Amino acid sequence: MSIKTQLVVIGGGPGGYTAAFLAADMGMQVTLIDEKKNPGGTCLYVGCIPSKAYLHVTKLLNEAKEAPNWGVTFGEPKIDIDKLRAFKDEVVNANTSGTGMLVKQRKINYIQGKASFVNSNTVTVNKVDGGMEEVVFENAILATGSIPAHIQGLTIDSPRVMDSTDALEMKDIPQRLLVVGGGVIGMELGSVYASFGSKVTVVELMPSLLPGTDKDLVKVFQKSIEPKFEKILLKTKVAKLEDTGSAIRVELDGEDLEEKVLEFDKALISIGRTPFTKGLGLENTKIDVTQRGFVKTNEKCQTSDSNIYAIGDVTEGPMLAHKASAEGKVAVEAIAGHKVAFEPAAIPGVVYTDPEVAFAGLTEIEAKEKGIKVDVARFPWAASGRARTMDRSDGLTKLIFDPDTERVLGVGIVGPGAGEMIAEGTLAIEMAALAKDVALTIHAHPTLSETVMEAAEVHFGQATHLYRPKRK
Ligand SMILES: Cc1cc2nc3c(=O)[nH]c(=O)nc-3n(C[C@H](O)[C@H](O)[C@H](O)COP(=O)(O)OP(=O)(O)OC[C@H]3O[C@@H](n4cnc5c(N)ncnc54)[C@H](O)[C@@H]3O)c2cc1C
């Protein structure tokens, strides 16, 4: 069977479904292809959404542990793993059936299957029901996302070794869990398992957790999170992984290690993700890929095959759902002939641990690397009334300014709720706000968001709740 469509979107993740929905809203005739029954992709099925459902419970457990300090004592928590998983599944189902409904409401032609390019105007779809369909398109958007990366030479086929998808399945709560990789996914899922009772050891190759993240934020984050883990081994490499039949035996390489061989019940490999283009038939098009396998695009998200666009994890840039959906909108508008470009001043990043870490725009590290002169203002949460009411003075809000124009170039926040607060910082950067704009904006009291305003006041040496006069 062959159909003709104005726009085909391959991949129904947050990039693909956002693009398909906007295109349909703009009056295009759209075909969306994904193997799942409903759109959602990594984000809704095995990424952002299920991980945050577990992290919500983790936060509750952490608070219950602290509650005796505030005069309330709960009993030892009992973890019902089947109910936990059911809660996570319910959250995923609610979200994905919602996207499914939106597909129908928008009258998008949804094909459940795997697409492959035959040429620059045609894809074939191997449908999940066994059939085959040919789709002839005017324009295409490629949004096939990414898959977990493996450690070269260390991949072993063992039910004790998990990637993030397996970890979210939460078949059991291992007594001893090894997390390889102290990046966002490792820290988020490591904290989940630690809160449910696993003794978690994190091994990270780089000298700090959350590599690439602002040092001030990581320092506060690590101090708060370290007690929740059994061990955090930095500058340490996994040299060998072996399933002994009763455990995972790991050989470590690193300085100052007390023990070089450790045993765990399970291991989570979370060393990053790679773009997914396998079986897509890119060789039948003029699409170019980088050495690392990312699809090359221009500022309009257009590939080197001019009627094919690419967005999200399969292209370069941060692997984040909101980056994928923002690119999806640009690609659709470009196809519609609008004058657009994907040129954000800031893409926020959030680590949803407890405390959360959030950042947007320029970091001090980047400024140093690029030789950009910046002014930095820090507001520690020990001086925030709201943070004190929550017994959470373990936070920091940091603003980075252009010293000449006083324009906000970067924002970094660590503390509970940082992920929600970063929106203000992102808006400030995108709107070219000045330090004075942020300092003069009245923030509700008592809120954690006041720390953003007070960080701007620090810049002028006039923060109400912090005596830090400006150096002359
Ligand atoms: C554990 C975890 C937690 C995460 N947490 C966050 C978070 O909190 N915030 C955040 O912003 N990001 C988070 N991410 C990253 C986020 O999930 C991705 O950045 C996002 O899903 C990328 O969207 P996408 O549309 O590019 O691709 P994806 O969501 O990966 O979707 C791609 C879709 O394309 C389909 N597909 C692939 N090939 C074909 C084909 N040939 N034919 C048809 N369909 C195909 C795939 O099956 C998939 O459904 C997390 C990721 C993980 C793994």
# chains A, B, ... in the order shown; residues from 1 in each chain; ligands from 1

call {"tool": "closest_atom_pairs", "arguments": {"of": "chain A", "to": "ligand 1", "cutoff": "6 Å", "atoms": "only C-alpha atoms and all ligand atoms", "output": "Markdown table"}}
result
| residue | atom | partner | partner_atom_place_in_ligand_line | distance |
| --- | --- | --- | --- | --- |
| A:Ile10 | CA | ligand 1 | 43 (C) | 5.0 |
| A:Gly11 | CA | ligand 1 | 34 (O) | 3.2 |
| A:Gly12 | CA | ligand 1 | 33 (C) | 4.8 |
| A:Gly13 | CA | ligand 1 | 31 (O) | 3.4 |
| A:Pro14 | CA | ligand 1 | 25 (O) | 4.2 |
| A:Gly15 | CA | ligand 1 | 25 (O) | 3.5 |
| A:Gly16 | CA | ligand 1 | 25 (O) | 5.2 |
| A:Ile33 | CA | ligand 1 | 43 (C) | 5.0 |
| A:Asp34 | CA | ligand 1 | 44 (N) | 3.8 |
| A:Glu35 | CA | ligand 1 | 44 (N) | 5.5 |
| A:Gly41 | CA | ligand 1 | 49 (O) | 3.3 |
| A:Thr42 | CA | ligand 1 | 29 (O) | 3.7 |
| A:Cys43 | CA | ligand 1 | 17 (O) | 3.5 |
| A:Gly47 | CA | ligand 1 | 2 (C) | 3.4 |
| A:Cys48 | CA | ligand 1 | 5 (N) | 3.3 |
| A:Ser51 | CA | ligand 1 | 3 (C) | 5.8 |
| A:Gly113 | CA | ligand 1 | 43 (C) | 5.9 |
| A:Lys114 | CA | ligand 1 | 42 (N) | 3.6 |
| A:Ala115 | CA | ligand 1 | 42 (N) | 3.9 |
| A:Ser116 | CA | ligand 1 | 41 (N) | 5.7 |
| A:Ala143 | CA | ligand 1 | 26 (O) | 5.2 |
| A:Thr144 | CA | ligand 1 | 34 (O) | 3.6 |
| A:Gly145 | CA | ligand 1 | 27 (O) | 3.2 |
| A:Ser146 | CA | ligand 1 | 30 (O) | 4.9 |
| A:Ser164 | CA | ligand 1 | 1 (C) | 5.2 |
| A:Ile185 | CA | ligand 1 | 1 (C) | 5.5 |
| A:Leu280 | CA | ligand 1 | 41 (N) | 5.1 |
| A:Gly312 | CA | ligand 1 | 26 (O) | 3.4 |
| A:Asp313 | CA | ligand 1 | 26 (O) | 4.0 |
| A:Val314 | CA | ligand 1 | 26 (O) | 6.0 |
| A:Met319 | CA | ligand 1 | 19 (O) | 4.1 |
| A:Leu320 | CA | ligand 1 | 19 (O) | 3.3 |
| A:Ala321 | CA | ligand 1 | 11 (O) | 3.8 |
| A:His322 | CA | ligand 1 | 11 (O) | 5.3 |
| A:Ala324 | CA | ligand 1 | 26 (O) | 5.0 |

call {"tool": "closest_atom_pairs", "arguments": {"of": "stretch 95-196 of chain A", "to": "stretch 335-349 of chain A", "cutoff": "10 Å", "atoms": "only C-alpha atoms", "output": "JSON lines"}}
result
{"residue": "A:Glu138", "atom": "CA", "partner": "A:Ile335", "partner_atom": "CA", "distance": 9.8}
{"residue": "A:Asn139", "atom": "CA", "partner": "A:Ile335", "partner_atom": "CA", "distance": 7.4}
{"residue": "A:Ala140", "atom": "CA", "partner": "A:Ile335", "partner_atom": "CA", "distance": 9.2}
{"residue": "A:Ile141", "atom": "CA", "partner": "A:Ile335", "partner_atom": "CA", "distance": 9.6}
{"residue": "A:Val184", "atom": "CA", "partner": "A:Gly349", "partner_atom": "CA", "distance": 9.7}

call {"tool": "residues_around", "arguments": {"residues": "A:Asp216", "least_positions_apart": "2", "cutoff": "10 Å", "atoms": "only C-alpha atoms", "output": "list in words"}}
result
Thr213, Asp214, Val218, Lys219, Val220, Phe221, Glu364, Arg378, Leu396, Thr397, Lys398, Gly412, Ile413 and Val414 of chain A

call {"tool": "closest_residue", "arguments": {"among": "A:Ala428, A:Ser120, A:Glu263, A:Met26", "to": "A:Ser304", "atoms": "only C-alpha atoms"}}
result
A:Ser120

call {"tool": "closest_residue", "arguments": {"among": "A:Val192, A:Ala456, A:Leu84, A:Leu427", "to": "A:Asp375", "atoms": "only C-alpha atoms"}}
result
A:Ala456

call {"tool": "residues_around", "arguments": {"residues": "stretch 240-245 of chain A", "least_positions_apart": "6", "cutoff": "8 Å", "atoms": "only C-alpha atoms", "output": "VMD selection string"}}
result
chain A and resid 154 to 156 158 160 251 to 252

call {"tool": "select_by_dssp", "arguments": {"residues": "stretch 60-238 of chain A", "states": "alpha helix (DSSP H)", "output": "JSON, numbers by chain"}}
result
{"A": [60, 61, 62, 63, 64, 65, 66, 81, 82, 83, 84, 85, 86, 87, 88, 89, 90, 91, 92, 93, 94, 95, 96, 97, 98, 99, 100, 101, 102, 103, 104, 105, 164, 165, 166, 167, 168, 169, 184, 185, 186, 187, 188, 189, 190, 191, 192, 193, 194, 195, 215, 216, 217, 218, 219, 220, 221, 222, 223, 224, 225]}

call {"tool": "residues_around", "arguments": {"residues": "A:Val103", "least_positions_apart": "4", "cutoff": "12 Å", "atoms": "only C-alpha atoms", "output": "list in words"}}
result
Gly12, Gly16, Tyr17, Thr18, Ala19, Ala20, Phe21, Leu22, Ala23, Ala24, Asp25, Val30, Thr31, Leu32, Ile33, Lys37, Asn38, Pro39, Gly40, Thr96, Ser97, Gly98, Thr99, Lys107, Ile108, Asn109, Tyr110 and Ile111 of chain A

call {"tool": "write_last_selection", "arguments": {"atoms": "C-alpha atoms", "output": "short mmCIF file (atom, residue, chain, number, x, y, z; two decimals), in the first residue's frame"}}
result
data_model
loop_
_atom_site.label_atom_id
_atom_site.label_comp_id
_atom_site.auth_asym_id
_atom_site.auth_seq_id
_atom_site.Cartn_x
_atom_site.Cartn_y
_atom_site.Cartn_z
CA GLY A 12 7.20 9.89 18.10
CA GLY A 16 8.59 14.14 16.76
CA TYR A 17 5.16 14.46 18.33
CA THR A 18 5.59 18.21 19.03
CA ALA A 19 6.53 18.73 15.38
CA ALA A 20 3.64 16.59 14.13
CA PHE A 21 1.12 18.36 16.39
CA LEU A 22 2.25 21.86 15.34
CA ALA A 23 2.26 20.91 11.67
CA ALA A 24 -1.29 19.57 11.97
CA ASP A 25 -2.36 22.73 13.85
CA VAL A 30 0.79 14.82 8.60
CA THR A 31 1.88 11.19 8.97
CA LEU A 32 3.64 10.24 12.22
CA ILE A 33 5.50 6.93 12.50
CA LYS A 37 0.97 2.29 20.22
CA ASN A 38 1.04 5.97 21.21
CA PRO A 39 3.67 8.70 20.79
CA GLY A 40 6.00 9.40 23.70
CA THR A 96 1.04 8.32 26.48
CA SER A 97 -2.69 7.73 26.16
CA GLY A 98 -2.96 11.54 26.28
CA THR A 99 -0.61 11.94 23.32
CA LYS A 107 -6.45 13.84 12.60
CA ILE A 108 -2.81 12.86 12.17
CA ASN A 109 -2.21 9.64 10.24
CA TYR A 110 -0.38 7.55 12.86
CA ILE A 111 1.41 4.46 11.61
#

call {"tool": "atom_distance", "arguments": {"atom1": "atom CA of A:Leu268", "atom2": "atom CA of A:Leu177"}}
result
7.4 Å

call {"tool": "select_by_dssp", "arguments": {"residues": "stretch 137-265 of chain A", "states": "strand (DSSP E)", "output": "ChimeraX atom specification"}}
result
/A:137-142,146-148,161-162,176-180,199-203,231-233,236-243,248-254,261-264

call {"tool": "closest_atom_pairs", "arguments": {"of": "stretch 180-270 of chain A", "to": "stretch 170-174 of chain A", "cutoff": "9 Å", "atoms": "only C-alpha atoms", "output": "JSON lines"}}
result
{"residue": "A:Tyr193", "atom": "CA", "partner": "A:Ile173", "partner_atom": "CA", "distance": 6.8}
{"residue": "A:Phe196", "atom": "CA", "partner": "A:Ile173", "partner_atom": "CA", "distance": 7.1}
{"residue": "A:Gly197", "atom": "CA", "partner": "A:Ile173", "partner_atom": "CA", "distance": 7.2}
{"residue": "A:Ser198", "atom": "CA", "partner": "A:Pro174", "partner_atom": "CA", "distance": 5.7}
{"residue": "A:Lys199", "atom": "CA", "partner": "A:Pro174", "partner_atom": "CA", "distance": 8.1}
{"residue": "A:Phe264", "atom": "CA", "partner": "A:Pro174", "partner_atom": "CA", "distance": 8.4}
{"residue": "A:Asp265", "atom": "CA", "partner": "A:Pro174", "partner_atom": "CA", "distance": 5.8}
{"residue": "A:Lys266", "atom": "CA", "partner": "A:Pro174", "partner_atom": "CA", "distance": 6.3}

call {"tool": "write_last_selection", "arguments": {"atoms": "C-alpha atoms", "output": "JSON list (two decimals), in the first residue's frame"}}
result
[["chain", "number", "residue", "atom", "x", "y", "z"],
["A", 193, "TYR", "CA", 17.68, 3.02, 44.29],
["A", 196, "PHE", "CA", 14.57, 2.49, 48.22],
["A", 197, "GLY", "CA", 17.30, 0.76, 50.27],
["A", 198, "SER", "CA", 20.16, -0.22, 47.92],
["A", 199, "LYS", "CA", 23.71, 0.46, 48.99],
["A", 264, "PHE", "CA", 27.68, -5.99, 43.57],
["A", 265, "ASP", "CA", 24.30, -7.61, 43.08],
["A", 266, "LYS", "CA", 23.59, -5.43, 40.07]]

call {"tool": "closest_residue", "arguments": {"among": "A:Phe117, A:Tyr352, A:Phe74, A:Phe229", "to": "A:Leu55", "atoms": "only C-alpha atoms"}}
result
A:Tyr352

call {"tool": "closest_residue", "arguments": {"among": "A:Ile442, A:Val200, A:Val357, A:Val123", "to": "A:Leu142", "atoms": "only C-alpha atoms"}}
result
A:Val123

call {"tool": "residues_around", "arguments": {"residues": "A:Glu420", "least_positions_apart": "3", "cutoff": "12 Å", "atoms": "only C-alpha atoms", "output": "list of chain:residue names"}}
result
A:Pro348, A:Gly349, A:Val350, A:Val351, A:Tyr352, A:Glu356, A:Val357, A:Ala358, A:Phe359, A:Ile413, A:Val414, A:Gly415, A:Pro416, A:Gly417, A:Ala423, A:Glu424, A:Gly425, A:Thr426, A:Leu448, A:Ser449

call {"tool": "closest_residue", "arguments": {"among": "A:Ala444, A:Ser246, A:Glu259, A:Ile372", "to": "A:Pro159", "atoms": "only C-alpha atoms"}}
result
A:Ser246

call {"tool": "residues_around", "arguments": {"residues": "A:Lys59", "least_positions_apart": "2", "cutoff": "9 Å", "atoms": "only C-alpha atoms", "output": "MDAnalysis selection string"}}
result
chainID A and resid 54:57 61:64 192 195 353:354

call {"tool": "atom_distance", "arguments": {"atom1": "atom CA of A:Glu230", "atom2": "atom CA of A:Ile365"}}
result
29.2 Å

call {"tool": "decode", "arguments": {"residues": "stretch 69-207 of chain A", "atoms": "C-alpha atoms", "output": "compact mmCIF listing (two decimals), in the first residue's frame"}}
result
# COMPACT_ATOMS: atom_id res chain seq x y z
CA ASN A 69 13.97 16.99 63.39
CA TRP A 70 10.68 18.86 62.98
CA GLY A 71 8.78 16.94 65.64
CA VAL A 72 7.10 14.31 63.49
CA THR A 73 8.22 10.69 63.46
CA PHE A 74 7.00 8.18 60.90
CA GLY A 75 7.69 4.45 61.12
CA GLU A 76 10.32 2.73 58.98
CA PRO A 77 9.05 2.99 55.38
CA LYS A 78 7.89 -0.25 53.77
CA ILE A 79 8.65 -0.36 50.06
CA ASP A 80 6.09 -2.25 47.98
CA ILE A 81 8.02 -2.56 44.74
CA ASP A 82 5.02 -3.84 42.72
CA LYS A 83 2.93 -0.82 43.76
CA LEU A 84 5.81 1.54 43.04
CA ARG A 85 6.19 0.10 39.56
CA ALA A 86 2.42 0.25 39.07
CA PHE A 87 2.46 3.95 40.04
CA LYS A 88 5.23 4.59 37.49
CA ASP A 89 3.33 2.60 34.82
CA GLU A 90 0.15 4.51 35.55
CA VAL A 91 1.96 7.83 35.11
CA VAL A 92 3.45 6.64 31.80
CA ASN A 93 0.09 5.31 30.58
CA ALA A 94 -1.74 8.53 31.47
CA ASN A 95 0.81 10.59 29.53
CA THR A 96 1.04 8.32 26.48
CA SER A 97 -2.69 7.73 26.16
CA GLY A 98 -2.96 11.54 26.28
CA THR A 99 -0.61 11.94 23.32
CA GLY A 100 -2.53 9.16 21.54
CA MET A 101 -5.77 11.08 22.00
CA LEU A 102 -4.14 14.29 20.73
CA VAL A 103 -3.06 12.44 17.56
CA LYS A 104 -6.68 11.45 16.90
CA GLN A 105 -8.05 14.92 17.70
CA ARG A 106 -5.62 16.46 15.24
CA LYS A 107 -6.45 13.84 12.60
CA ILE A 108 -2.81 12.86 12.17
CA ASN A 109 -2.21 9.64 10.24
CA TYR A 110 -0.38 7.55 12.86
CA ILE A 111 1.41 4.46 11.61
CA GLN A 112 2.72 2.03 14.21
CA GLY A 113 5.94 0.66 12.75
CA LYS A 114 9.56 1.20 11.81
CA ALA A 115 10.39 3.53 8.93
CA SER A 116 13.28 3.34 6.51
CA PHE A 117 14.18 5.70 3.65
CA VAL A 118 13.98 4.29 0.13
CA ASN A 119 15.00 7.64 -1.35
CA SER A 120 14.69 11.36 -0.54
CA ASN A 121 10.89 11.30 -1.01
CA THR A 122 9.84 7.86 0.12
CA VAL A 123 9.93 5.73 3.26
CA THR A 124 8.72 2.19 3.76
CA VAL A 125 7.22 1.25 7.08
CA ASN A 126 7.45 -2.23 8.53
CA LYS A 127 4.26 -2.15 10.52
CA VAL A 128 3.97 -3.69 13.95
CA ASP A 129 0.96 -5.72 12.72
CA GLY A 130 3.20 -7.37 10.11
CA GLY A 131 2.13 -5.31 7.09
CA MET A 132 4.17 -2.94 4.99
CA GLU A 133 3.30 0.59 3.90
CA GLU A 134 5.01 3.03 1.56
CA VAL A 135 4.80 6.73 2.36
CA VAL A 136 5.65 9.27 -0.34
CA PHE A 137 6.33 12.66 1.26
CA GLU A 138 7.02 16.25 0.34
CA ASN A 139 8.99 16.91 3.56
CA ALA A 140 10.24 14.68 6.34
CA ILE A 141 11.36 15.28 9.92
CA LEU A 142 13.72 12.74 11.37
CA ALA A 143 13.31 12.39 15.14
CA THR A 144 14.56 8.92 15.96
CA GLY A 145 16.25 9.92 19.22
CA SER A 146 19.01 8.04 21.02
CA ILE A 147 19.81 4.79 22.82
CA PRO A 148 22.03 4.03 25.85
CA ALA A 149 25.77 3.97 25.12
CA HIS A 150 27.83 0.92 26.02
CA ILE A 151 31.34 0.78 27.45
CA GLN A 152 33.65 -0.33 24.67
CA GLY A 153 35.16 -3.72 25.43
CA LEU A 154 33.27 -4.07 28.70
CA THR A 155 29.80 -5.00 27.52
CA ILE A 156 28.67 -8.26 29.07
CA ASP A 157 25.40 -10.04 28.54
CA SER A 158 24.10 -10.49 32.04
CA PRO A 159 20.72 -9.95 33.72
CA ARG A 160 22.68 -8.28 36.52
CA VAL A 161 23.84 -5.49 34.22
CA MET A 162 21.23 -2.82 33.52
CA ASP A 163 20.88 0.22 31.34
CA SER A 164 18.51 3.05 32.31
CA THR A 165 15.53 1.29 30.69
CA ASP A 166 16.14 -1.89 32.75
CA ALA A 167 16.68 0.18 35.90
CA LEU A 168 13.32 1.90 35.42
CA GLU A 169 11.67 -1.53 35.13
CA MET A 170 12.68 -1.96 38.77
CA LYS A 171 12.46 -5.77 38.83
CA ASP A 172 14.02 -5.77 42.30
CA ILE A 173 15.92 -3.53 44.69
CA PRO A 174 19.45 -4.95 44.77
CA GLN A 175 21.25 -4.86 48.09
CA ARG A 176 24.46 -3.60 46.49
CA LEU A 177 24.23 -1.54 43.31
CA LEU A 178 27.10 -0.26 41.20
CA VAL A 179 26.38 2.83 39.12
CA VAL A 180 28.90 3.36 36.34
CA GLY A 181 28.79 7.04 35.41
CA GLY A 182 28.11 9.98 37.73
CA GLY A 183 26.23 12.05 35.15
CA VAL A 184 22.58 13.09 35.24
CA ILE A 185 20.99 9.67 34.63
CA GLY A 186 23.39 7.85 36.98
CA MET A 187 22.81 10.33 39.80
CA GLU A 188 19.03 10.38 39.33
CA LEU A 189 18.56 6.61 39.16
CA GLY A 190 21.30 6.01 41.74
CA SER A 191 19.43 8.27 44.21
CA VAL A 192 16.18 6.44 43.49
CA TYR A 193 17.68 3.02 44.29
CA ALA A 194 19.55 4.44 47.32
CA SER A 195 16.31 5.84 48.74
CA PHE A 196 14.57 2.49 48.22
CA GLY A 197 17.30 0.76 50.27
CA SER A 198 20.16 -0.22 47.92
CA LYS A 199 23.71 0.46 48.99
CA VAL A 200 24.86 2.40 45.95
CA THR A 201 28.44 2.94 44.81
CA VAL A 202 29.01 5.44 42.00
CA VAL A 203 32.10 5.19 39.82
CA GLU A 204 32.95 8.25 37.73
CA LEU A 205 35.92 8.67 35.41
CA MET A 206 36.09 12.44 35.75
CA PRO A 207 37.29 14.34 38.86
